[in-house]
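Below is one structure; the comments refer to it alone.
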Amino acid sequence: MEEISRMKRERLLGLRKAAQEGGGPERVKAQRGQGKYTARERIERLADPGSFIELDKFVLHKCSQFGMEKNKFPGDGVITGIAAINGQKVALFSQDFTVFGGSLGDAHAKKICKIMDLAERTRIPVIGINDSGGARIQEGVVSLGGYADIFYRNTRCSGVIPQLSLIMGPCAGGAVYSPAITDFIFMVEKTSYMFVTGPDVIKAITHEDITKEALGGAATHNEKSGVAHFSAASEDECFERLRELLAYLPPNNSAAHARMPTSDPVTRDNARLKEVVPSNPKKPYDIREIILDVVDDGRFLEVHKDYAGNIICGFASIGGIKIAVVANQPLVLAGVLDINSSVKAGRFVRFCDAFNIPIFTLVDVPGFLPGTAQEYGGIIRQGSKLLYAYSEARVPLVTLITRKAYGGAYDVMASKHIGADVNLAYPTAEIAVMGADGAVNIIFRNELKGLTGAEFKKKKGELVAGFEEEFANPYKAAELGYIDEVITPEETRHRVYQFFEALQGKKKAGPERRHGNIPL
């Protein structure tokens, strides 16, 4: 009996050892040679020490074609389980490139689906560490079905639990669509890639010669396509960014938000902001200066930092209240709204609304970007996504107009008319259909007709000055109740905190419907 017990124990230890070794020493060595951690090392570095509980360690594939029955590894190329990050319970999976190139087969897919189902039932975030060559060709349509099973779960979990994707190697073909449905995507410079079809296929079909890095590297997807939200120089930095993001997110859509620890007084004044907004309405300035001076301890986690720089999105806290920030950036394209910035901010607003994160909107916008490229690209449809997102939002909305709020862009940027709870303005705010110069050219074209030289300049200057006196200020809107309060820059932090504190219990019911039809 003791001999049988010893043999069973040795079998268990042998299986555990095999699972720990992944695809074997040579493949592990190759993985590290590319500057990448193994699947298990990634979990160890991301999760709180000693918190990981593994599931399905001994799962094997059942494929018996192409010699696959002789080639099996415990776990089948993906590690799944429960862990803690910053003390927050999470479900996660980590694909192992040393086993079949991290390719997804039936057993591999079922393990991922199982951990996602557990995350949905227990209402905890799910984190995917992706390092995969795509569908396992030897398993054919079963692999494709496995991807579809994952996509379906991504969609069911959307808006219920946060879903975060770390791209730690190649992510090709069907493998890119699961991360695309998730809430935030992290990439690592020089070692992670995402593309539907790789460079070889592109060269064969379109004769374009392009590298993996240029086609689908971290820089490409963070700066050009907008597919990824964060870029890191190393895997360790990527883990740190994810931990930072997770600190601002609730575990699910019905959980109460814990306050962010801070010793920054809510009554601290913002004296340095008195000089930030230029008196010249055409002079640019960095809206980040306002954000960083207003939020707790100058901590601001920017999302999509390298994409559509004319609008800024990110997470912070004020008086410990976790908030999202959306702000026009006058340093880039004068803060104008265009296709990319509208889509970027629209999706961010919808995420925050899904997880009950209050939104602080800073407005300095001259309008929508004109031009054929924007019109042909669908600015009417694309721009309305941001309008739709704000109008649909039920979370506390506090808006601050720092300078320009012109035309339809005034409406779109969380105006009172589309549901904002509190709308504030600096004395420098200008709320109008358009700027004074353009308005005068239209309104007073008859008076200016026929005038030339000094006479034209003098007359137009008088008309512009009169228009600015009437409209280049926040007081007309305040008279109508569109602006709740005009505040000085130095009192920004305290006033914004007071309003978010007052709005903590906000409840807003939506209409009875299955869902709206956002202009995708």
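Quick note on naming: the chains in the structure tokens go A, B, ... in the order shown, residues restart at 1 in each chain, and ligands are numbered from 1 in order of appearance.
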With 6 Å as the cut-off and only C-alpha atoms counted, what is the closest atom pair between each nearby residue of segment 308-376 of chain A and segment 393-396 of chain A? Distances in Å to one decimal, ordered by chain and number, as a tab-separated table.
residue	atom	partner	partner_atom	distance
A:Asp353	CA	A:Ala393	CA	5.5
A:Asn356	CA	A:Val395	CA	5.6
A:Pro358	CA	A:Pro396	CA	4.8
>> Give me, as a PyMOL selection string, all polymer residues having an atom no more than 10 Å from Ala256 of chain A, counting only C-alpha atoms and skipping those fewer than 5 positions away in the same chain.
In response: chain A and resi 250-251+355-356
Show me, as a tab-separated table, the residues of segment 394-453 of chain A having an atom within 10 Å of segment 325-349 of chain A, each with the closest atom pair and its distance in Å, using only C-alpha atoms.
residue	atom	partner	partner_atom	distance
A:Val395	CA	A:Val349	CA	9.7
A:Val398	CA	A:Val325	CA	9.9
A:Thr399	CA	A:Val326	CA	9.4
A:Leu400	CA	A:Ala327	CA	9.4
A:Ile401	CA	A:Ala327	CA	9.8
A:Thr402	CA	A:Asn328	CA	9.9
A:Arg403	CA	A:Pro330	CA	9.8
A:Lys404	CA	A:Gly335	CA	9.5
A:Tyr406	CA	A:Val336	CA	9.9
A:Ala409	CA	A:Leu337	CA	7.2
A:Val412	CA	A:Ser342	CA	9.6
A:Met413	CA	A:Ala327	CA	8.9
A:Ala414	CA	A:Val326	CA	9.7
> Do you know which residues are at most 9 Å from Asp149 of chain A counting only C-alpha atoms, after dropping those on the same chain fewer than 5 positions away, and could you put them as an MDAnalysis selection string?
Replying inline: chainID A and resid 109:110 113 144 154
> What lies within 9 Å of Asp296 of chain A using only C-alpha atoms, ignoring chain neighbours under 2 positions off, as a PyMOL selection string?
Replying inline: chain A and resi 262-266+292-294+298-300+316-320
Write the residues you've just listed into a file as a tab-separated table (two decimals), in the first residue's frame, and include C-alpha atoms for each of them.
chain	number	residue	atom	x	y	z
A	262	THR	CA	-4.39	60.77	-0.53
A	263	SER	CA	-3.18	63.43	1.88
A	264	ASP	CA	-3.71	66.22	-0.66
A	265	PRO	CA	-6.16	68.74	0.94
A	266	VAL	CA	-9.36	69.28	-1.05
A	292	LEU	CA	-2.26	67.90	-12.91
A	293	ASP	CA	-2.76	70.87	-10.59
A	294	VAL	CA	-6.38	70.00	-9.82
A	298	GLY	CA	-0.53	65.43	-9.45
A	299	ARG	CA	-1.26	61.78	-10.36
A	300	PHE	CA	-2.92	61.30	-13.73
A	316	ALA	CA	-7.24	60.43	-11.51
A	317	SER	CA	-8.86	61.27	-8.18
A	318	ILE	CA	-10.02	64.42	-6.42
A	319	GLY	CA	-10.30	64.25	-2.64
A	320	GLY	CA	-9.97	60.48	-2.99
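For the choices A:Pro284, A:Gly14, A:Pro170, A:Pro49, the atom-to-atom distance to Lys36 of chain A is smallest for A:Pro170 when using only C-alpha atoms.
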>> Going by DSSP on the backbone, which residues of segment 66-218 of chain A come out as alpha helix (DSSP H)? List them as a ChimeraX atom specification.
In response: /A:106-122,141-157,177-181,199-206,212-216,218
>> List the spatial neighbours of Ala135 of chain A as a VMD selection string - criterion: any atom at most 7 Å away, only C-alpha atoms, same-chain residues fewer than 3 positions off excluded.
In response: chain A and resid 103 to 105 143 to 144
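Among the candidates A:Ile357, A:Ile518, A:Val440, A:Ala429, the residue lying nearest to Val277 of chain A is A:Ala429 (atoms considered: only C-alpha atoms).
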> Leaving out Phe58 of chain A and any residue of its chain fewer than 6 positions from it, which residues lie within 8 Å of it when counting only C-alpha atoms, given as a PyMOL selection string?
Replying inline: chain A and resi 15-16+19+74-75
>> Applying 8 Å and only C-alpha atoms, which residues near Arg153 of chain A remain after dropping the ones on its own chain fewer than 2 positions away? List them as a ChimeraX atom specification.
In response: /A:113,116-117,149-151,155-157
Would you save the residues of that selection, restricted to C-alpha atoms, as a PDB file, in the first residue's frame?
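The file below, again-v7.pdb, is the result:
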ATOM      1  CA  CYS A 113     -13.597  30.049 -21.622  1.00  0.00           C
ATOM      2  CA  MET A 116     -13.831  33.726 -18.186  1.00  0.00           C
ATOM      3  CA  ASP A 117     -17.047  32.038 -17.059  1.00  0.00           C
ATOM      4  CA  ASP A 149     -16.488  30.868 -27.993  1.00  0.00           C
ATOM      5  CA  ILE A 150     -14.020  33.352 -26.481  1.00  0.00           C
ATOM      6  CA  PHE A 151     -15.368  36.299 -28.522  1.00  0.00           C
ATOM      7  CA  THR A 155     -19.054  40.387 -25.470  1.00  0.00           C
ATOM      8  CA  ARG A 156     -21.141  38.999 -22.600  1.00  0.00           C
ATOM      9  CA  CYS A 157     -18.629  40.318 -20.060  1.00  0.00           C
TER      10      CYS A 157
END
> DSSP says strand (DSSP E or B) for which residues of segment 255-421 of chain A? Put them as a ChimeraX atom specification?
Replying inline: /A:301-303,311-318,321-328,337,359-365,368,397-406
Can you write out the residues you just picked, keeping C-alpha atoms, as a compact mmCIF listing (two decimals), in the first residue's frame?
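And here is the file that came out, again27.txt:
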# COMPACT_ATOMS: atom_id res chain seq x y z
CA LEU A 301 -2.94 58.02 -15.69
CA GLU A 302 -3.41 59.00 -19.32
CA VAL A 303 -5.09 56.51 -21.66
CA ILE A 311 -8.15 65.19 -26.83
CA ILE A 312 -6.90 63.78 -23.53
CA CYS A 313 -8.46 60.89 -21.60
CA GLY A 314 -7.36 59.34 -18.34
CA PHE A 315 -7.94 58.49 -14.70
CA ALA A 316 -7.24 60.43 -11.51
CA SER A 317 -8.86 61.27 -8.18
CA ILE A 318 -10.02 64.42 -6.42
CA ILE A 321 -12.98 60.25 -5.35
CA LYS A 322 -11.87 58.27 -8.40
CA ILE A 323 -12.74 60.10 -11.61
CA ALA A 324 -12.19 60.00 -15.33
CA VAL A 325 -10.93 63.06 -17.19
CA VAL A 326 -11.75 64.08 -20.76
CA ALA A 327 -10.14 67.29 -22.01
CA ASN A 328 -9.62 69.14 -25.28
CA LEU A 337 -12.67 67.64 -32.55
CA ILE A 359 -16.37 62.14 -15.55
CA PHE A 360 -14.69 65.54 -15.34
CA THR A 361 -14.70 67.25 -18.75
CA LEU A 362 -12.47 70.24 -19.52
CA VAL A 363 -13.55 72.19 -22.60
CA ASP A 364 -11.51 74.38 -24.91
CA VAL A 365 -12.76 73.52 -28.38
CA PHE A 368 -15.07 70.25 -35.56
CA LEU A 397 -20.80 64.65 -15.07
CA VAL A 398 -18.99 67.85 -14.15
CA THR A 399 -17.88 70.12 -16.99
CA LEU A 400 -15.49 73.09 -16.92
CA ILE A 401 -15.16 75.46 -19.88
CA THR A 402 -11.71 77.04 -19.68
CA ARG A 403 -11.81 79.06 -22.92
CA LYS A 404 -13.44 78.36 -26.30
CA ALA A 405 -16.68 76.41 -26.62
CA TYR A 406 -17.80 77.02 -30.18
>> Report, in Å with one decimal, the straight-line distance from atom CA of Thr267 of chain A to atom CA of Arg493 of chain A.
In response: 7.2 Å
> With only C-alpha atoms as the atoms that count, which of A:Arg288, A:Lys476, A:Lys57, A:Lys190 lies nearest to Glu213 of chain A?
Replying inline: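 For Glu213 of chain A, the nearest of the candidates is A:Lys190.
Interatomic distance, atom CA of Phe97 of chain A against atom CA of Gly77 of chain A: 7.0 Å.
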>> What does the structure give for the distance between atom CA of Gly50 of chain A and atom CA of Ser192 of chain A, in Å to one decimal?
In response: 27.4 Å
